[in-house]
Amino acid sequence: MDAPSQDIYHGTIDSSNVKWMNDMLLDACIRNDCHYTDLTMPFLGKYRTDSLRFNSIYDRHWNELGHKTAAITLYNSLVKEGLLYK
């Protein structure tokens with residue numbers, strides 16, 4: 001699940017008006033025994049460390065850093081769950 005990037009950039013993650021979507025999908029995945037990976041904390045941590053944006057300056061599509069962070073997060077999550085081997 002994508003992170004609420006604008007809330008990350010503005011420091012309003014705790015009062016996000018879109019994070020409910022992440023919570024709703026998490027609940028649905030738990031009820032249906034599906035794997036769930038939320039990018040909020042990895043993107044937030046990366047932004048706090050580097051202060052680099054994850055999306056294009058033209059729109060909200062991920063840039064190279066966004067794709068790389070998402071790929072690493074998903075890979076690590078799948079390995080942790082035993083769904084992928086190193």
# chains A, B, ... in the order shown; residues from 1 in each chain; ligands from 1
call {"tool": "residues_around", "arguments": {"residues": "segment 1-13 of chain A", "least_positions_apart": "6", "cutoff": "8 Å", "atoms": "only C-alpha atoms", "output": "list in words"}}
result
Lys19, Asn22, Leu25, Tyr36, Thr37, Asp38, Leu39, Thr40, Met41, Phe43, Leu44, Tyr47, Arg53 and Phe54 of chain A
call {"tool": "atom_distance", "arguments": {"atom1": "atom CA of Arg31 of chain A", "atom2": "atom CA of Leu83 of chain A"}}
result
19.1 Å
call {"tool": "residues_around", "arguments": {"residues": "Lys68 of chain A", "least_positions_apart": "2", "cutoff": "12 Å", "atoms": "only C-alpha atoms", "output": "PyMOL selection string"}}
result
chain A and resi 39+42-43+46+54-55+62-66+70-75
call {"tool": "atom_distance", "arguments": {"atom1": "atom CA of His61 of chain A", "atom2": "atom CA of Asn32 of chain A"}}
result
28.7 Å
call {"tool": "atom_distance", "arguments": {"atom1": "atom CA of His35 of chain A", "atom2": "atom CA of Asn76 of chain A"}}
result
12.8 Å
call {"tool": "closest_residue", "arguments": {"among": "A:Thr69, A:Asp50, A:Met21, A:Glu81", "to": "Cys34 of chain A", "atoms": "only C-alpha atoms"}}
result
A:Glu81
call {"tool": "select_by_dssp", "arguments": {"residues": "chain A", "states": "helix (DSSP H, G or I)", "output": "compact mmCIF listing (two decimals) with all heavy atoms, in the first residue's frame"}}
result
# COMPACT_ATOMS: atom_id res chain seq x y z
N SER A 5 2.26 10.31 0.91
CA SER A 5 3.48 11.10 0.71
C SER A 5 3.33 12.56 1.10
O SER A 5 4.23 13.13 1.72
CB SER A 5 3.93 11.00 -0.74
OG SER A 5 4.23 9.67 -1.07
N GLN A 6 2.22 13.17 0.74
CA GLN A 6 2.06 14.59 1.06
C GLN A 6 2.07 14.81 2.57
O GLN A 6 2.62 15.81 3.06
CB GLN A 6 0.78 15.14 0.43
CG GLN A 6 0.80 15.11 -1.09
CD GLN A 6 2.00 15.82 -1.68
OE1 GLN A 6 2.27 16.98 -1.37
NE2 GLN A 6 2.73 15.13 -2.54
N ASP A 7 1.48 13.90 3.32
CA ASP A 7 1.51 14.01 4.78
C ASP A 7 2.92 13.80 5.31
O ASP A 7 3.31 14.44 6.29
CB ASP A 7 0.55 12.99 5.41
CG ASP A 7 -0.90 13.36 5.18
OD1 ASP A 7 -1.25 14.53 5.40
OD2 ASP A 7 -1.67 12.48 4.77
N ILE A 8 3.67 12.91 4.69
CA ILE A 8 5.06 12.71 5.08
C ILE A 8 5.85 14.00 4.86
O ILE A 8 6.56 14.46 5.73
CB ILE A 8 5.69 11.53 4.32
CG1 ILE A 8 5.07 10.22 4.82
CG2 ILE A 8 7.21 11.52 4.47
CD1 ILE A 8 5.48 8.98 4.03
N TYR A 9 5.70 14.59 3.68
CA TYR A 9 6.45 15.82 3.35
C TYR A 9 6.08 16.99 4.27
O TYR A 9 6.92 17.81 4.60
CB TYR A 9 6.18 16.25 1.91
CG TYR A 9 6.56 15.24 0.86
CD1 TYR A 9 5.87 15.19 -0.34
CD2 TYR A 9 7.59 14.32 1.04
CE1 TYR A 9 6.21 14.28 -1.33
CE2 TYR A 9 7.93 13.40 0.06
CZ TYR A 9 7.23 13.39 -1.11
OH TYR A 9 7.55 12.48 -2.09
N HIS A 10 4.81 17.08 4.67
CA HIS A 10 4.34 18.21 5.48
C HIS A 10 4.39 17.94 6.97
O HIS A 10 4.00 18.79 7.77
CB HIS A 10 2.93 18.60 5.06
CG HIS A 10 2.86 19.12 3.67
ND1 HIS A 10 2.20 18.45 2.66
CD2 HIS A 10 3.40 20.22 3.10
CE1 HIS A 10 2.33 19.12 1.54
NE2 HIS A 10 3.06 20.20 1.76
N ILE A 13 1.65 13.32 9.27
CA ILE A 13 1.30 11.91 9.17
C ILE A 13 0.32 11.49 10.26
O ILE A 13 -0.57 10.68 10.03
CB ILE A 13 2.58 11.02 9.17
CG1 ILE A 13 2.26 9.62 8.67
CG2 ILE A 13 3.24 10.98 10.52
CD1 ILE A 13 2.07 9.51 7.22
N ASP A 14 0.46 12.04 11.45
CA ASP A 14 -0.44 11.66 12.56
C ASP A 14 -1.86 12.17 12.37
O ASP A 14 -2.79 11.60 12.93
CB ASP A 14 0.12 12.16 13.89
CG ASP A 14 1.41 11.44 14.28
OD1 ASP A 14 1.56 10.26 13.90
OD2 ASP A 14 2.25 12.06 14.95
N SER A 15 -2.03 13.21 11.58
CA SER A 15 -3.37 13.75 11.34
C SER A 15 -3.81 13.56 9.88
O SER A 15 -4.69 14.26 9.40
CB SER A 15 -3.41 15.23 11.71
OG SER A 15 -2.49 15.97 10.92
N LYS A 19 -4.88 8.26 5.50
CA LYS A 19 -4.31 7.04 6.06
C LYS A 19 -5.38 5.99 6.37
O LYS A 19 -5.09 4.81 6.48
CB LYS A 19 -3.48 7.34 7.30
CG LYS A 19 -2.67 6.12 7.73
CD LYS A 19 -1.46 6.50 8.49
CE LYS A 19 -0.63 5.33 8.94
NZ LYS A 19 -1.24 4.05 9.05
N TRP A 20 -6.63 6.41 6.43
CA TRP A 20 -7.72 5.46 6.68
C TRP A 20 -7.75 4.38 5.59
O TRP A 20 -8.14 3.25 5.85
CB TRP A 20 -9.08 6.17 6.76
CG TRP A 20 -9.48 6.86 5.49
CD1 TRP A 20 -9.23 8.15 5.15
CD2 TRP A 20 -10.19 6.28 4.39
NE1 TRP A 20 -9.72 8.42 3.89
CE2 TRP A 20 -10.32 7.28 3.40
CE3 TRP A 20 -10.72 5.02 4.14
CZ2 TRP A 20 -10.97 7.06 2.19
CZ3 TRP A 20 -11.36 4.80 2.92
CH2 TRP A 20 -11.48 5.82 1.97
N MET A 21 -7.29 4.73 4.39
CA MET A 21 -7.26 3.74 3.31
C MET A 21 -6.26 2.63 3.62
O MET A 21 -6.54 1.45 3.37
CB MET A 21 -6.92 4.40 1.98
CG MET A 21 -8.04 5.29 1.46
SD MET A 21 -7.70 5.95 -0.18
CE MET A 21 -6.57 7.28 0.24
N ASN A 22 -5.11 3.00 4.18
CA ASN A 22 -4.12 2.00 4.57
C ASN A 22 -4.70 1.08 5.64
O ASN A 22 -4.54 -0.14 5.57
CB ASN A 22 -2.85 2.69 5.09
CG ASN A 22 -2.20 3.56 4.05
OD1 ASN A 22 -2.81 4.50 3.56
ND2 ASN A 22 -0.96 3.28 3.73
N ASP A 23 -5.36 1.67 6.62
CA ASP A 23 -5.95 0.90 7.72
C ASP A 23 -7.06 -0.02 7.21
O ASP A 23 -7.16 -1.17 7.63
CB ASP A 23 -6.49 1.82 8.80
CG ASP A 23 -5.39 2.68 9.43
OD1 ASP A 23 -4.21 2.26 9.40
OD2 ASP A 23 -5.72 3.76 9.94
N MET A 24 -7.87 0.48 6.28
CA MET A 24 -8.96 -0.31 5.74
C MET A 24 -8.42 -1.52 4.95
O MET A 24 -8.92 -2.63 5.08
CB MET A 24 -9.85 0.55 4.84
CG MET A 24 -11.06 -0.19 4.29
SD MET A 24 -12.14 0.86 3.30
CE MET A 24 -11.12 1.17 1.88
N LEU A 25 -7.39 -1.29 4.14
CA LEU A 25 -6.82 -2.40 3.37
C LEU A 25 -6.15 -3.41 4.30
O LEU A 25 -6.27 -4.62 4.09
CB LEU A 25 -5.82 -1.89 2.34
CG LEU A 25 -5.23 -2.96 1.43
CD1 LEU A 25 -6.32 -3.72 0.67
CD2 LEU A 25 -4.24 -2.35 0.46
N LEU A 26 -5.48 -2.94 5.35
CA LEU A 26 -4.88 -3.84 6.31
C LEU A 26 -5.95 -4.74 6.93
O LEU A 26 -5.78 -5.96 7.00
CB LEU A 26 -4.14 -3.08 7.41
CG LEU A 26 -3.63 -3.91 8.59
CD1 LEU A 26 -2.66 -4.98 8.12
CD2 LEU A 26 -3.01 -3.01 9.63
N ASP A 27 -7.06 -4.17 7.36
CA ASP A 27 -8.15 -4.96 7.94
C ASP A 27 -8.68 -5.99 6.95
O ASP A 27 -8.91 -7.14 7.31
CB ASP A 27 -9.29 -4.04 8.40
CG ASP A 27 -8.92 -3.20 9.61
OD1 ASP A 27 -7.95 -3.54 10.31
OD2 ASP A 27 -9.62 -2.19 9.85
N ALA A 28 -8.86 -5.59 5.71
CA ALA A 28 -9.36 -6.52 4.68
C ALA A 28 -8.36 -7.65 4.45
O ALA A 28 -8.75 -8.81 4.28
CB ALA A 28 -9.63 -5.76 3.38
N CYS A 29 -7.06 -7.33 4.45
CA CYS A 29 -6.05 -8.36 4.24
C CYS A 29 -6.01 -9.33 5.41
O CYS A 29 -5.87 -10.55 5.21
CB CYS A 29 -4.68 -7.73 4.03
SG CYS A 29 -4.51 -6.94 2.41
N ILE A 30 -6.15 -8.83 6.61
CA ILE A 30 -6.18 -9.71 7.79
C ILE A 30 -7.39 -10.64 7.71
O ILE A 30 -7.26 -11.86 7.92
CB ILE A 30 -6.19 -8.88 9.09
CG1 ILE A 30 -4.83 -8.21 9.29
CG2 ILE A 30 -6.56 -9.75 10.29
CD1 ILE A 30 -4.81 -7.18 10.41
N ARG A 31 -8.55 -10.09 7.40
CA ARG A 31 -9.78 -10.90 7.32
C ARG A 31 -9.69 -11.97 6.23
O ARG A 31 -10.31 -13.02 6.35
CB ARG A 31 -10.99 -10.01 7.05
CG ARG A 31 -11.49 -9.25 8.25
CD ARG A 31 -12.87 -8.63 8.02
NE ARG A 31 -13.03 -7.96 6.75
CZ ARG A 31 -12.72 -6.69 6.50
NH1 ARG A 31 -12.20 -5.94 7.45
NH2 ARG A 31 -12.92 -6.17 5.31
N THR A 40 4.21 3.26 4.33
CA THR A 40 4.23 4.49 5.12
C THR A 40 5.49 4.62 5.96
O THR A 40 6.21 5.62 5.86
CB THR A 40 2.98 4.58 6.03
OG1 THR A 40 1.82 4.55 5.20
CG2 THR A 40 3.00 5.87 6.84
N MET A 41 5.79 3.65 6.79
CA MET A 41 6.95 3.77 7.68
C MET A 41 8.28 3.75 6.92
O MET A 41 9.16 4.56 7.24
CB MET A 41 6.90 2.69 8.77
CG MET A 41 5.70 2.84 9.70
SD MET A 41 5.41 4.54 10.31
CE MET A 41 6.82 4.76 11.37
N PRO A 42 8.46 2.89 5.92
CA PRO A 42 9.71 2.95 5.16
C PRO A 42 9.90 4.29 4.44
O PRO A 42 11.00 4.86 4.46
CB PRO A 42 9.60 1.81 4.15
CG PRO A 42 8.66 0.84 4.79
CD PRO A 42 7.68 1.69 5.55
N PHE A 43 8.83 4.82 3.84
CA PHE A 43 8.96 6.12 3.17
C PHE A 43 9.20 7.23 4.19
O PHE A 43 10.02 8.12 3.96
CB PHE A 43 7.69 6.42 2.36
CG PHE A 43 7.69 5.84 0.97
CD1 PHE A 43 8.29 4.63 0.68
CD2 PHE A 43 7.07 6.51 -0.06
CE1 PHE A 43 8.28 4.09 -0.60
CE2 PHE A 43 7.04 5.99 -1.35
CZ PHE A 43 7.66 4.78 -1.62
N LEU A 44 8.51 7.18 5.31
CA LEU A 44 8.68 8.20 6.36
C LEU A 44 10.11 8.17 6.89
O LEU A 44 10.75 9.22 7.02
CB LEU A 44 7.68 7.96 7.49
CG LEU A 44 7.77 8.91 8.69
CD1 LEU A 44 7.52 10.35 8.26
CD2 LEU A 44 6.78 8.48 9.77
N GLY A 45 10.62 6.99 7.18
CA GLY A 45 11.98 6.88 7.68
C GLY A 45 13.01 7.39 6.69
O GLY A 45 13.94 8.11 7.05
N LYS A 46 12.82 7.02 5.43
CA LYS A 46 13.74 7.47 4.39
C LYS A 46 13.69 8.99 4.22
O LYS A 46 14.72 9.65 4.09
CB LYS A 46 13.38 6.77 3.06
CG LYS A 46 14.36 6.99 1.97
CD LYS A 46 15.57 6.11 2.15
CE LYS A 46 16.46 6.22 0.93
NZ LYS A 46 17.85 5.98 1.25
N TYR A 47 12.48 9.55 4.28
CA TYR A 47 12.34 11.00 4.13
C TYR A 47 12.97 11.74 5.31
O TYR A 47 13.63 12.76 5.14
CB TYR A 47 10.87 11.40 3.97
CG TYR A 47 10.71 12.87 3.68
CD1 TYR A 47 11.03 13.37 2.42
CD2 TYR A 47 10.25 13.75 4.63
CE1 TYR A 47 10.91 14.72 2.13
CE2 TYR A 47 10.12 15.10 4.37
CZ TYR A 47 10.46 15.58 3.11
OH TYR A 47 10.34 16.92 2.84
N ARG A 48 12.77 11.21 6.51
CA ARG A 48 13.36 11.85 7.70
C ARG A 48 14.88 11.79 7.66
O ARG A 48 15.56 12.68 8.14
CB ARG A 48 12.85 11.19 8.96
CG ARG A 48 11.44 11.60 9.31
CD ARG A 48 10.96 10.97 10.58
NE ARG A 48 9.64 11.48 10.95
CZ ARG A 48 8.87 10.91 11.85
NH1 ARG A 48 9.26 9.81 12.48
NH2 ARG A 48 7.69 11.43 12.13
N THR A 49 15.43 10.74 7.09
CA THR A 49 16.88 10.58 7.00
C THR A 49 17.48 11.45 5.90
O THR A 49 18.48 12.13 6.13
CB THR A 49 17.25 9.10 6.72
OG1 THR A 49 16.74 8.30 7.78
CG2 THR A 49 18.74 8.92 6.61
N ASP A 50 16.87 11.43 4.72
CA ASP A 50 17.48 12.06 3.55
C ASP A 50 16.80 13.34 3.07
O ASP A 50 17.37 14.06 2.25
CB ASP A 50 17.48 11.07 2.37
CG ASP A 50 18.24 9.80 2.70
OD1 ASP A 50 19.10 9.81 3.59
OD2 ASP A 50 17.96 8.77 2.05
N GLU A 64 12.55 7.67 -9.21
CA GLU A 64 13.47 6.55 -9.04
C GLU A 64 13.61 6.15 -7.57
O GLU A 64 13.61 4.96 -7.23
CB GLU A 64 14.84 6.91 -9.62
CG GLU A 64 15.83 5.79 -9.56
CD GLU A 64 17.17 6.14 -10.19
OE1 GLU A 64 17.28 7.18 -10.86
OE2 GLU A 64 18.12 5.36 -9.97
N LEU A 65 13.72 7.13 -6.68
CA LEU A 65 13.86 6.83 -5.26
C LEU A 65 12.61 6.15 -4.71
O LEU A 65 12.71 5.20 -3.92
CB LEU A 65 14.15 8.11 -4.46
CG LEU A 65 14.28 7.92 -2.95
CD1 LEU A 65 15.45 6.99 -2.61
CD2 LEU A 65 14.45 9.28 -2.27
N GLY A 66 11.44 6.59 -5.14
CA GLY A 66 10.20 5.96 -4.69
C GLY A 66 10.12 4.52 -5.13
O GLY A 66 9.78 3.63 -4.33
N HIS A 67 10.45 4.25 -6.39
CA HIS A 67 10.43 2.88 -6.90
C HIS A 67 11.47 2.01 -6.17
O HIS A 67 11.18 0.86 -5.82
CB HIS A 67 10.69 2.85 -8.40
CG HIS A 67 9.50 3.23 -9.21
ND1 HIS A 67 8.47 2.37 -9.47
CD2 HIS A 67 9.16 4.41 -9.80
CE1 HIS A 67 7.55 2.98 -10.19
NE2 HIS A 67 7.95 4.23 -10.40
N LYS A 68 12.65 2.55 -5.95
CA LYS A 68 13.69 1.78 -5.28
C LYS A 68 13.30 1.46 -3.84
O LYS A 68 13.44 0.31 -3.39
CB LYS A 68 15.01 2.57 -5.30
CG LYS A 68 16.15 1.83 -4.65
CD LYS A 68 17.45 2.62 -4.75
CE LYS A 68 18.59 1.86 -4.09
NZ LYS A 68 19.86 2.59 -4.21
N THR A 69 12.78 2.44 -3.11
CA THR A 69 12.38 2.22 -1.72
C THR A 69 11.23 1.22 -1.64
O THR A 69 11.24 0.33 -0.79
CB THR A 69 11.97 3.57 -1.07
OG1 THR A 69 13.08 4.48 -1.17
CG2 THR A 69 11.60 3.38 0.39
N ALA A 70 10.26 1.33 -2.55
CA ALA A 70 9.14 0.40 -2.57
C ALA A 70 9.63 -1.02 -2.90
O ALA A 70 9.20 -1.99 -2.26
CB ALA A 70 8.09 0.84 -3.59
N ALA A 71 10.52 -1.15 -3.86
CA ALA A 71 11.03 -2.47 -4.25
C ALA A 71 11.80 -3.13 -3.11
O ALA A 71 11.60 -4.33 -2.83
CB ALA A 71 11.91 -2.35 -5.49
N ILE A 72 12.65 -2.39 -2.46
CA ILE A 72 13.42 -2.94 -1.33
C ILE A 72 12.49 -3.34 -0.20
O ILE A 72 12.64 -4.41 0.39
CB ILE A 72 14.48 -1.91 -0.85
CG1 ILE A 72 15.58 -1.76 -1.90
CG2 ILE A 72 15.05 -2.31 0.51
CD1 ILE A 72 16.52 -0.60 -1.64
N THR A 73 11.50 -2.51 0.09
CA THR A 73 10.54 -2.81 1.15
C THR A 73 9.75 -4.06 0.83
O THR A 73 9.58 -4.94 1.69
CB THR A 73 9.60 -1.61 1.36
OG1 THR A 73 10.38 -0.46 1.72
CG2 THR A 73 8.59 -1.89 2.46
N LEU A 74 9.25 -4.16 -0.39
CA LEU A 74 8.47 -5.33 -0.78
C LEU A 74 9.33 -6.59 -0.74
O LEU A 74 8.91 -7.62 -0.22
CB LEU A 74 7.85 -5.14 -2.16
CG LEU A 74 7.02 -6.32 -2.66
CD1 LEU A 74 5.87 -6.63 -1.71
CD2 LEU A 74 6.50 -6.03 -4.06
N TYR A 75 10.53 -6.51 -1.26
CA TYR A 75 11.44 -7.66 -1.25
C TYR A 75 11.68 -8.14 0.18
O TYR A 75 11.54 -9.33 0.48
CB TYR A 75 12.77 -7.28 -1.92
CG TYR A 75 13.81 -8.37 -1.80
CD1 TYR A 75 13.81 -9.46 -2.67
CD2 TYR A 75 14.80 -8.31 -0.83
CE1 TYR A 75 14.75 -10.46 -2.57
CE2 TYR A 75 15.75 -9.31 -0.71
CZ TYR A 75 15.72 -10.38 -1.58
OH TYR A 75 16.65 -11.38 -1.47
N ASN A 76 12.04 -7.21 1.08
CA ASN A 76 12.29 -7.58 2.47
C ASN A 76 11.06 -8.16 3.14
O ASN A 76 11.15 -9.11 3.92
CB ASN A 76 12.83 -6.39 3.25
CG ASN A 76 14.23 -6.01 2.83
OD1 ASN A 76 14.99 -6.83 2.33
ND2 ASN A 76 14.58 -4.76 3.03
N SER A 77 9.91 -7.63 2.83
CA SER A 77 8.66 -8.11 3.40
C SER A 77 8.35 -9.53 2.93
O SER A 77 7.95 -10.39 3.72
CB SER A 77 7.51 -7.17 3.02
OG SER A 77 6.30 -7.61 3.56
N LEU A 78 8.56 -9.80 1.66
CA LEU A 78 8.31 -11.14 1.12
C LEU A 78 9.30 -12.17 1.67
O LEU A 78 8.93 -13.31 1.95
CB LEU A 78 8.36 -11.12 -0.41
CG LEU A 78 7.23 -10.34 -1.08
CD1 LEU A 78 7.48 -10.23 -2.59
CD2 LEU A 78 5.88 -10.95 -0.79
N VAL A 79 10.54 -11.77 1.86
CA VAL A 79 11.54 -12.66 2.46
C VAL A 79 11.15 -12.95 3.90
O VAL A 79 11.17 -14.11 4.34
CB VAL A 79 12.97 -12.04 2.37
CG1 VAL A 79 13.94 -12.81 3.26
CG2 VAL A 79 13.45 -12.01 0.93
N LYS A 80 10.78 -11.92 4.65
CA LYS A 80 10.39 -12.09 6.05
C LYS A 80 9.20 -13.04 6.20
O LYS A 80 9.14 -13.85 7.12
CB LYS A 80 10.04 -10.73 6.66
CG LYS A 80 9.64 -10.79 8.10
CD LYS A 80 9.31 -9.41 8.64
CE LYS A 80 8.79 -9.52 10.06
NZ LYS A 80 8.37 -8.22 10.56
